Amino acid sequence: MRADRLLSIMLLLQSRGKLSSRELARMLEVSERTVIRDMEALSSSGVPVLAERGRDGGWMLAEGYRTSLTGMKPNEIGSLLLTADASILEALGIQDDFSSAVRKLEAAAKPQDSPLQFLSSRIHIDGAGWHPSGESYPFLTLLQEAIWENRKVSLTYSNGDECTVRLISPLGLVAKRGVWYVVAETSNGMRTYRVSRITDAQITRDMFTRPQGFELARYWEESTASFKSGLPRYPATLLILETALASLQQERYVSVTSIEPSFKAGWLTVLADFQTLESACKIILSLGQHALVTGPQELIDSVITSLRETITLYEERMQYPLL
């Protein structure tokens with residue numbers, strides 16, 4: 001629609017200062033002649049559009065002119081929350097929404113701010129795997145609103161059989177493997193809460209000041225590394241097909257510490273830290289014929305026992321088909 005295109009031109013000029021007809025035509029996917037006609041329409045409607053001729057010339061808005069028409073559509077906000085990964089945007093069919101959202105954020109941002117600085121400081125998508133968790137998040141929107149407004153939240157948090165009421169200063173939201181977490185400052189320091197475990201929440205009238213220098217992505221990485229370092233370690237050695245290595249590396253509680261070529265073509269010798277004997281056995285079995293344990297012996301024995309029990313189960317099923 002032409003009205004949308006005219007608004008896009010205003011926002012682009014407002015955020016970027018000066019653009020040539022060729023640059024605008026490329027961004028808007030129209031001809032340069034169409035851009036010139038649009039400029040004439042903007043000028044006729046009272047928008048102070050100026051043209052500067054010459055090699056470094058272009059279109060610009062009169063100094064001091066700003067439009068407040070920066071209303072965000074839900075799909076535009078959603079596209080940013082899903083990250084700017086081109087493949088994700090293309091799969092969801094919201095590439096245009098993303099481009100439009102970036103222009104509006106640029107126009108709304110203060111000149112000294114990075115266009116996406118505000119959003120990225122409060123929303124972080126950890127791309128290490130993305131699987132539907134089946135969890136519900138009735139208070140996700142409320143938390144997002146509190147983060148946007150720097151307001152404290154009183155929440156009831158369920159941790160097993162125990163529910164506690166807590167007052168938090170929410171600093172950001174993180175999505176990890178399809179699960180949402182809220183990172184917050186509390187009277188006991190920085191804490192991370194699983195959003196699905198929040199059973200009640202209310203935004204208070206109390207404001208808070210964000211810690212100076214706080215970076216959500218960096219905090220999350222450091223917090224994750226600290227959490228993993230505190231987990232129990234169960235080292236093991238495997239032979240694994242090169243094509244299956246990525247699957248092993250994507251496992252949540254597995255850390256691959258060494259990868260070397262194997263004597264067998266197409267296979268690798270891998271040293272990995274699992275959590276426990278049981279979890280190591282379960283993960284290795286999930287790789288099927290693509291992985292072989294070479295140590296320790298107790299893990300080899302555990303895998304063999306599990307395989308034998310599985311074979312026995314199927315043999316019984318063949319013997320008694322009605323089971």
# chains A, B, ... in the order shown; residues from 1 in each chain; ligands from 1
call {"tool": "residues_around", "arguments": {"residues": "segment 165-171 of chain A", "least_positions_apart": "4", "cutoff": "6 Å", "atoms": "only C-alpha atoms", "output": "ChimeraX atom specification"}}
result
/A:147,152-156,183-186
call {"tool": "residues_around", "arguments": {"residues": "Asp38 of chain A", "least_positions_apart": "5", "cutoff": "9 Å", "atoms": "only C-alpha atoms", "output": "PyMOL selection string"}}
result
chain A and resi 2+5-6+9+33+43
call {"tool": "write_last_selection", "arguments": {"atoms": "all heavy atoms", "output": "PDB file, in the first residue's frame"}}
result
ATOM      1  N   ARG A   2       0.411   2.299  -0.716  1.00  0.00           N
ATOM      2  CA  ARG A   2       1.224   3.493  -0.826  1.00  0.00           C
ATOM      3  C   ARG A   2       1.373   4.202   0.516  1.00  0.00           C
ATOM      4  O   ARG A   2       2.433   4.748   0.827  1.00  0.00           O
ATOM      5  CB  ARG A   2       0.604   4.453  -1.846  1.00  0.00           C
ATOM      6  CG  ARG A   2       1.560   5.585  -2.204  1.00  0.00           C
ATOM      7  CD  ARG A   2       0.928   6.600  -3.111  1.00  0.00           C
ATOM      8  NE  ARG A   2       1.918   7.552  -3.574  1.00  0.00           N
ATOM      9  CZ  ARG A   2       1.618   8.689  -4.187  1.00  0.00           C
ATOM     10  NH1 ARG A   2       0.341   8.998  -4.398  1.00  0.00           N
ATOM     11  NH2 ARG A   2       2.571   9.510  -4.591  1.00  0.00           N
ATOM     12  N   ARG A   5       4.127   2.738   2.394  1.00  0.00           N
ATOM     13  CA  ARG A   5       5.419   3.083   1.793  1.00  0.00           C
ATOM     14  C   ARG A   5       5.831   4.511   2.151  1.00  0.00           C
ATOM     15  O   ARG A   5       7.000   4.777   2.446  1.00  0.00           O
ATOM     16  CB  ARG A   5       5.357   2.909   0.275  1.00  0.00           C
ATOM     17  CG  ARG A   5       6.727   2.969  -0.386  1.00  0.00           C
ATOM     18  CD  ARG A   5       6.672   2.571  -1.845  1.00  0.00           C
ATOM     19  NE  ARG A   5       5.951   3.543  -2.661  1.00  0.00           N
ATOM     20  CZ  ARG A   5       4.798   3.286  -3.292  1.00  0.00           C
ATOM     21  NH1 ARG A   5       4.234   2.089  -3.181  1.00  0.00           N
ATOM     22  NH2 ARG A   5       4.207   4.206  -4.023  1.00  0.00           N
ATOM     23  N   LEU A   6       4.870   5.433   2.158  1.00  0.00           N
ATOM     24  CA  LEU A   6       5.165   6.824   2.527  1.00  0.00           C
ATOM     25  C   LEU A   6       5.636   6.902   3.978  1.00  0.00           C
ATOM     26  O   LEU A   6       6.566   7.643   4.303  1.00  0.00           O
ATOM     27  CB  LEU A   6       3.928   7.703   2.316  1.00  0.00           C
ATOM     28  CG  LEU A   6       3.466   7.877   0.867  1.00  0.00           C
ATOM     29  CD1 LEU A   6       2.203   8.733   0.811  1.00  0.00           C
ATOM     30  CD2 LEU A   6       4.570   8.516   0.017  1.00  0.00           C
ATOM     31  N   ILE A   9       9.170   5.667   4.190  1.00  0.00           N
ATOM     32  CA  ILE A   9      10.127   6.679   3.723  1.00  0.00           C
ATOM     33  C   ILE A   9      10.415   7.681   4.832  1.00  0.00           C
ATOM     34  O   ILE A   9      11.567   8.036   5.094  1.00  0.00           O
ATOM     35  CB  ILE A   9       9.584   7.394   2.469  1.00  0.00           C
ATOM     36  CG1 ILE A   9       9.582   6.433   1.276  1.00  0.00           C
ATOM     37  CG2 ILE A   9      10.425   8.633   2.152  1.00  0.00           C
ATOM     38  CD1 ILE A   9       8.937   7.005   0.027  1.00  0.00           C
ATOM     39  N   ARG A  33      11.634   6.317 -10.031  1.00  0.00           N
ATOM     40  CA  ARG A  33      10.569   7.237 -10.419  1.00  0.00           C
ATOM     41  C   ARG A  33       9.445   7.221  -9.393  1.00  0.00           C
ATOM     42  O   ARG A  33       8.880   8.263  -9.054  1.00  0.00           O
ATOM     43  CB  ARG A  33      10.033   6.856 -11.815  1.00  0.00           C
ATOM     44  CG  ARG A  33       8.935   7.779 -12.324  1.00  0.00           C
ATOM     45  CD  ARG A  33       9.408   9.213 -12.383  1.00  0.00           C
ATOM     46  NE  ARG A  33       8.299  10.133 -12.631  1.00  0.00           N
ATOM     47  CZ  ARG A  33       8.350  11.435 -12.417  1.00  0.00           C
ATOM     48  NH1 ARG A  33       9.470  11.964 -11.928  1.00  0.00           N
ATOM     49  NH2 ARG A  33       7.311  12.205 -12.672  1.00  0.00           N
ATOM     50  N   SER A  43       5.655  16.008   0.182  1.00  0.00           N
ATOM     51  CA  SER A  43       5.803  17.460   0.213  1.00  0.00           C
ATOM     52  C   SER A  43       4.457  18.155   0.115  1.00  0.00           C
ATOM     53  O   SER A  43       4.187  19.129   0.823  1.00  0.00           O
ATOM     54  CB  SER A  43       6.720  17.910  -0.929  1.00  0.00           C
ATOM     55  OG  SER A  43       6.887  19.310  -0.913  1.00  0.00           O
TER      56      SER A  43
END
call {"tool": "residues_around", "arguments": {"residues": "Leu140 of chain A", "least_positions_apart": "3", "cutoff": "9 Å", "atoms": "only C-alpha atoms", "output": "number ranges by chain"}}
result
A: 137, 143-145, 173, 180, 182, 195-196
call {"tool": "write_last_selection", "arguments": {"atoms": "N, CA and C atoms", "output": "PDB file, in the first residue's frame"}}
result
ATOM      1  N   TYR A 137       2.937 -20.289  29.814  1.00  0.00           N
ATOM      2  CA  TYR A 137       3.531 -19.080  30.381  1.00  0.00           C
ATOM      3  C   TYR A 137       2.471 -17.977  30.513  1.00  0.00           C
ATOM      4  N   LEU A 143       5.467 -10.079  32.665  1.00  0.00           N
ATOM      5  CA  LEU A 143       6.887  -9.889  32.927  1.00  0.00           C
ATOM      6  C   LEU A 143       7.517  -8.994  31.877  1.00  0.00           C
ATOM      7  N   GLN A 144       7.119  -9.191  30.631  1.00  0.00           N
ATOM      8  CA  GLN A 144       7.646  -8.362  29.556  1.00  0.00           C
ATOM      9  C   GLN A 144       7.283  -6.899  29.790  1.00  0.00           C
ATOM     10  N   GLU A 145       6.056  -6.644  30.191  1.00  0.00           N
ATOM     11  CA  GLU A 145       5.610  -5.277  30.468  1.00  0.00           C
ATOM     12  C   GLU A 145       6.414  -4.667  31.617  1.00  0.00           C
ATOM     13  N   LEU A 173      14.318 -11.395  29.710  1.00  0.00           N
ATOM     14  CA  LEU A 173      13.757 -12.714  29.448  1.00  0.00           C
ATOM     15  C   LEU A 173      14.711 -13.491  28.550  1.00  0.00           C
ATOM     16  N   TRP A 180      11.122 -20.551  28.735  1.00  0.00           N
ATOM     17  CA  TRP A 180      11.363 -19.146  29.052  1.00  0.00           C
ATOM     18  C   TRP A 180      11.824 -18.997  30.494  1.00  0.00           C
ATOM     19  N   VAL A 182      13.159 -15.807  33.403  1.00  0.00           N
ATOM     20  CA  VAL A 182      13.289 -14.383  33.685  1.00  0.00           C
ATOM     21  C   VAL A 182      14.505 -14.189  34.591  1.00  0.00           C
ATOM     22  N   VAL A 195       9.849 -19.354  34.046  1.00  0.00           N
ATOM     23  CA  VAL A 195       8.581 -18.629  33.982  1.00  0.00           C
ATOM     24  C   VAL A 195       7.384 -19.552  34.180  1.00  0.00           C
ATOM     25  N   SER A 196       7.471 -20.792  33.714  1.00  0.00           N
ATOM     26  CA  SER A 196       6.341 -21.718  33.840  1.00  0.00           C
ATOM     27  C   SER A 196       6.058 -22.088  35.291  1.00  0.00           C
TER      28      SER A 196
END
call {"tool": "closest_residue", "arguments": {"among": "A:Glu315, A:Ala201, A:Leu285, A:Met190", "to": "Thr164 of chain A", "atoms": "only C-alpha atoms"}}
result
A:Ala201
call {"tool": "residues_around", "arguments": {"residues": "Ser286 of chain A", "least_positions_apart": "2", "cutoff": "12 Å", "atoms": "only C-alpha atoms", "output": "PyMOL selection string"}}
result
chain A and resi 244+247-248+251+279-284+288-292+303+306-307
call {"tool": "write_last_selection", "arguments": {"atoms": "N, CA and C atoms", "output": "mmCIF file, in the first residue's frame"}}
result
data_model
loop_
_atom_site.group_PDB
_atom_site.id
_atom_site.type_symbol
_atom_site.label_atom_id
_atom_site.label_comp_id
_atom_site.auth_asym_id
_atom_site.auth_seq_id
_atom_site.Cartn_x
_atom_site.Cartn_y
_atom_site.Cartn_z
ATOM 1 N N ALA A 244 27.001 -38.069 13.248
ATOM 2 C CA ALA A 244 26.235 -38.085 14.492
ATOM 3 C C ALA A 244 26.833 -37.183 15.561
ATOM 4 N N SER A 247 24.629 -34.295 16.856
ATOM 5 C CA SER A 247 23.556 -34.716 17.764
ATOM 6 C C SER A 247 24.065 -34.856 19.186
ATOM 7 N N LEU A 248 25.269 -35.395 19.340
ATOM 8 C CA LEU A 248 25.861 -35.533 20.676
ATOM 9 C C LEU A 248 26.153 -34.166 21.282
ATOM 10 N N GLU A 251 23.246 -32.279 22.927
ATOM 11 C CA GLU A 251 22.656 -32.769 24.161
ATOM 12 C C GLU A 251 22.895 -31.772 25.288
ATOM 13 N N SER A 279 22.634 -41.336 32.852
ATOM 14 C CA SER A 279 22.353 -40.410 31.761
ATOM 15 C C SER A 279 23.245 -40.684 30.560
ATOM 16 N N ALA A 280 24.499 -41.088 30.805
ATOM 17 C CA ALA A 280 25.409 -41.428 29.712
ATOM 18 C C ALA A 280 24.864 -42.613 28.922
ATOM 19 N N CYS A 281 24.383 -43.633 29.632
ATOM 20 C CA CYS A 281 23.822 -44.817 28.967
ATOM 21 C C CYS A 281 22.614 -44.438 28.119
ATOM 22 N N LYS A 282 21.732 -43.622 28.679
ATOM 23 C CA LYS A 282 20.518 -43.222 27.964
ATOM 24 C C LYS A 282 20.846 -42.451 26.693
ATOM 25 N N ILE A 283 21.781 -41.508 26.774
ATOM 26 C CA ILE A 283 22.135 -40.690 25.617
ATOM 27 C C ILE A 283 22.817 -41.534 24.541
ATOM 28 N N ILE A 284 23.724 -42.415 24.943
ATOM 29 C CA ILE A 284 24.422 -43.257 23.976
ATOM 30 C C ILE A 284 23.454 -44.198 23.272
ATOM 31 N N GLY A 288 21.951 -44.960 18.900
ATOM 32 C CA GLY A 288 21.822 -46.222 18.178
ATOM 33 C C GLY A 288 23.140 -46.741 17.645
ATOM 34 N N GLN A 289 23.120 -47.191 16.391
ATOM 35 C CA GLN A 289 24.308 -47.785 15.772
ATOM 36 C C GLN A 289 25.337 -46.749 15.344
ATOM 37 N N HIS A 290 25.090 -45.472 15.662
ATOM 38 C CA HIS A 290 26.008 -44.414 15.252
ATOM 39 C C HIS A 290 27.079 -44.124 16.298
ATOM 40 N N ALA A 291 27.033 -44.802 17.443
ATOM 41 C CA ALA A 291 28.025 -44.556 18.487
ATOM 42 C C ALA A 291 28.382 -45.857 19.195
ATOM 43 N N LEU A 292 29.636 -45.957 19.623
ATOM 44 C CA LEU A 292 30.133 -47.146 20.318
ATOM 45 C C LEU A 292 30.980 -46.694 21.504
ATOM 46 N N VAL A 303 25.414 -50.341 28.852
ATOM 47 C CA VAL A 303 24.795 -50.250 27.511
ATOM 48 C C VAL A 303 24.429 -51.643 27.015
ATOM 49 N N SER A 306 21.351 -52.982 28.812
ATOM 50 C CA SER A 306 20.133 -52.336 28.320
ATOM 51 C C SER A 306 19.721 -52.887 26.964
ATOM 52 N N LEU A 307 20.699 -53.107 26.100
ATOM 53 C CA LEU A 307 20.394 -53.650 24.776
ATOM 54 C C LEU A 307 19.847 -55.074 24.890
#
call {"tool": "closest_residue", "arguments": {"among": "A:Gln275, A:Ser136, A:Thr34, A:Thr192", "to": "Trp220 of chain A", "atoms": "only C-alpha atoms"}}
result
A:Thr192
call {"tool": "residues_around", "arguments": {"residues": "segment 44-52 of chain A", "least_positions_apart": "5", "cutoff": "10 Å", "atoms": "only C-alpha atoms", "output": "PDB file with N, CA, C and O atoms, in the first residue's frame"}}
result
ATOM      1  N   MET A  10       9.360   8.162   5.501  1.00  0.00           N
ATOM      2  CA  MET A  10       9.542   9.124   6.585  1.00  0.00           C
ATOM      3  C   MET A  10      10.413   8.544   7.704  1.00  0.00           C
ATOM      4  O   MET A  10      11.300   9.211   8.240  1.00  0.00           O
ATOM      5  N   LEU A  13      14.139   8.207   6.549  1.00  0.00           N
ATOM      6  CA  LEU A  13      14.824   9.495   6.528  1.00  0.00           C
ATOM      7  C   LEU A  13      15.047  10.025   7.940  1.00  0.00           C
ATOM      8  O   LEU A  13      16.078  10.643   8.229  1.00  0.00           O
ATOM      9  N   LYS A  18      19.917  10.986   5.560  1.00  0.00           N
ATOM     10  CA  LYS A  18      19.847  11.301   4.130  1.00  0.00           C
ATOM     11  C   LYS A  18      20.001  10.022   3.322  1.00  0.00           C
ATOM     12  O   LYS A  18      20.889   9.213   3.587  1.00  0.00           O
ATOM     13  N   LEU A  19      19.143   9.869   2.313  1.00  0.00           N
ATOM     14  CA  LEU A  19      19.190   8.697   1.444  1.00  0.00           C
ATOM     15  C   LEU A  19      18.930   9.131   0.007  1.00  0.00           C
ATOM     16  O   LEU A  19      18.094  10.010  -0.245  1.00  0.00           O
ATOM     17  N   SER A  20      19.615   8.482  -0.912  1.00  0.00           N
ATOM     18  CA  SER A  20      19.404   8.793  -2.332  1.00  0.00           C
ATOM     19  C   SER A  20      18.164   8.080  -2.856  1.00  0.00           C
ATOM     20  O   SER A  20      17.643   7.155  -2.221  1.00  0.00           O
ATOM     21  N   SER A  21      17.704   8.500  -4.024  1.00  0.00           N
ATOM     22  CA  SER A  21      16.549   7.850  -4.647  1.00  0.00           C
ATOM     23  C   SER A  21      16.845   6.385  -4.922  1.00  0.00           C
ATOM     24  O   SER A  21      15.991   5.512  -4.751  1.00  0.00           O
ATOM     25  N   ASP A  38       6.590   9.681  -4.733  1.00  0.00           N
ATOM     26  CA  ASP A  38       6.253   9.618  -3.310  1.00  0.00           C
ATOM     27  C   ASP A  38       6.758  10.862  -2.575  1.00  0.00           C
ATOM     28  O   ASP A  38       6.095  11.378  -1.669  1.00  0.00           O
ATOM     29  N   MET A  39       7.928  11.364  -2.959  1.00  0.00           N
ATOM     30  CA  MET A  39       8.458  12.569  -2.331  1.00  0.00           C
ATOM     31  C   MET A  39       7.574  13.765  -2.636  1.00  0.00           C
ATOM     32  O   MET A  39       7.333  14.627  -1.777  1.00  0.00           O
ATOM     33  N   GLY A  57      24.438  13.839  -2.799  1.00  0.00           N
ATOM     34  CA  GLY A  57      23.112  14.358  -2.482  1.00  0.00           C
ATOM     35  C   GLY A  57      22.126  13.263  -2.113  1.00  0.00           C
ATOM     36  O   GLY A  57      22.457  12.080  -2.053  1.00  0.00           O
ATOM     37  N   GLY A  58      20.912  13.688  -1.868  1.00  0.00           N
ATOM     38  CA  GLY A  58      19.865  12.739  -1.513  1.00  0.00           C
ATOM     39  C   GLY A  58      18.686  13.456  -0.902  1.00  0.00           C
ATOM     40  O   GLY A  58      18.614  14.689  -0.878  1.00  0.00           O
ATOM     41  N   TRP A  59      17.757  12.666  -0.392  1.00  0.00           N
ATOM     42  CA  TRP A  59      16.564  13.191   0.244  1.00  0.00           C
ATOM     43  C   TRP A  59      16.767  13.247   1.748  1.00  0.00           C
ATOM     44  O   TRP A  59      17.409  12.384   2.328  1.00  0.00           O
ATOM     45  N   MET A  60      16.175  14.256   2.398  1.00  0.00           N
ATOM     46  CA  MET A  60      16.267  14.368   3.852  1.00  0.00           C
ATOM     47  C   MET A  60      15.063  15.147   4.369  1.00  0.00           C
ATOM     48  O   MET A  60      14.349  15.805   3.598  1.00  0.00           O
ATOM     49  N   LEU A  61      14.846  15.038   5.665  1.00  0.00           N
ATOM     50  CA  LEU A  61      13.798  15.807   6.327  1.00  0.00           C
ATOM     51  C   LEU A  61      14.400  17.086   6.882  1.00  0.00           C
ATOM     52  O   LEU A  61      15.587  17.128   7.221  1.00  0.00           O
ATOM     53  N   ALA A  62      13.576  18.129   6.962  1.00  0.00           N
ATOM     54  CA  ALA A  62      14.050  19.386   7.540  1.00  0.00           C
ATOM     55  C   ALA A  62      14.536  19.162   8.958  1.00  0.00           C
ATOM     56  O   ALA A  62      13.996  18.321   9.690  1.00  0.00           O
ATOM     57  N   GLU A  63      15.596  19.875   9.348  1.00  0.00           N
ATOM     58  CA  GLU A  63      16.192  19.702  10.663  1.00  0.00           C
ATOM     59  C   GLU A  63      15.168  19.925  11.768  1.00  0.00           C
ATOM     60  O   GLU A  63      14.414  20.898  11.746  1.00  0.00           O
ATOM     61  N   TYR A  65      12.575  18.007  12.379  1.00  0.00           N
ATOM     62  CA  TYR A  65      11.278  17.374  12.123  1.00  0.00           C
ATOM     63  C   TYR A  65      11.350  15.903  12.489  1.00  0.00           C
ATOM     64  O   TYR A  65      12.268  15.189  12.111  1.00  0.00           O
ATOM     65  N   ARG A  66      10.367  15.436  13.275  1.00  0.00           N
ATOM     66  CA  ARG A  66      10.258  14.031  13.648  1.00  0.00           C
ATOM     67  C   ARG A  66       8.798  13.627  13.629  1.00  0.00           C
ATOM     68  O   ARG A  66       7.919  14.398  14.023  1.00  0.00           O
ATOM     69  N   THR A  67       8.533  12.417  13.144  1.00  0.00           N
ATOM     70  CA  THR A  67       7.179  11.881  13.185  1.00  0.00           C
ATOM     71  C   THR A  67       7.028  10.955  14.374  1.00  0.00           C
ATOM     72  O   THR A  67       7.979  10.272  14.759  1.00  0.00           O
TER      73      THR A  67
END
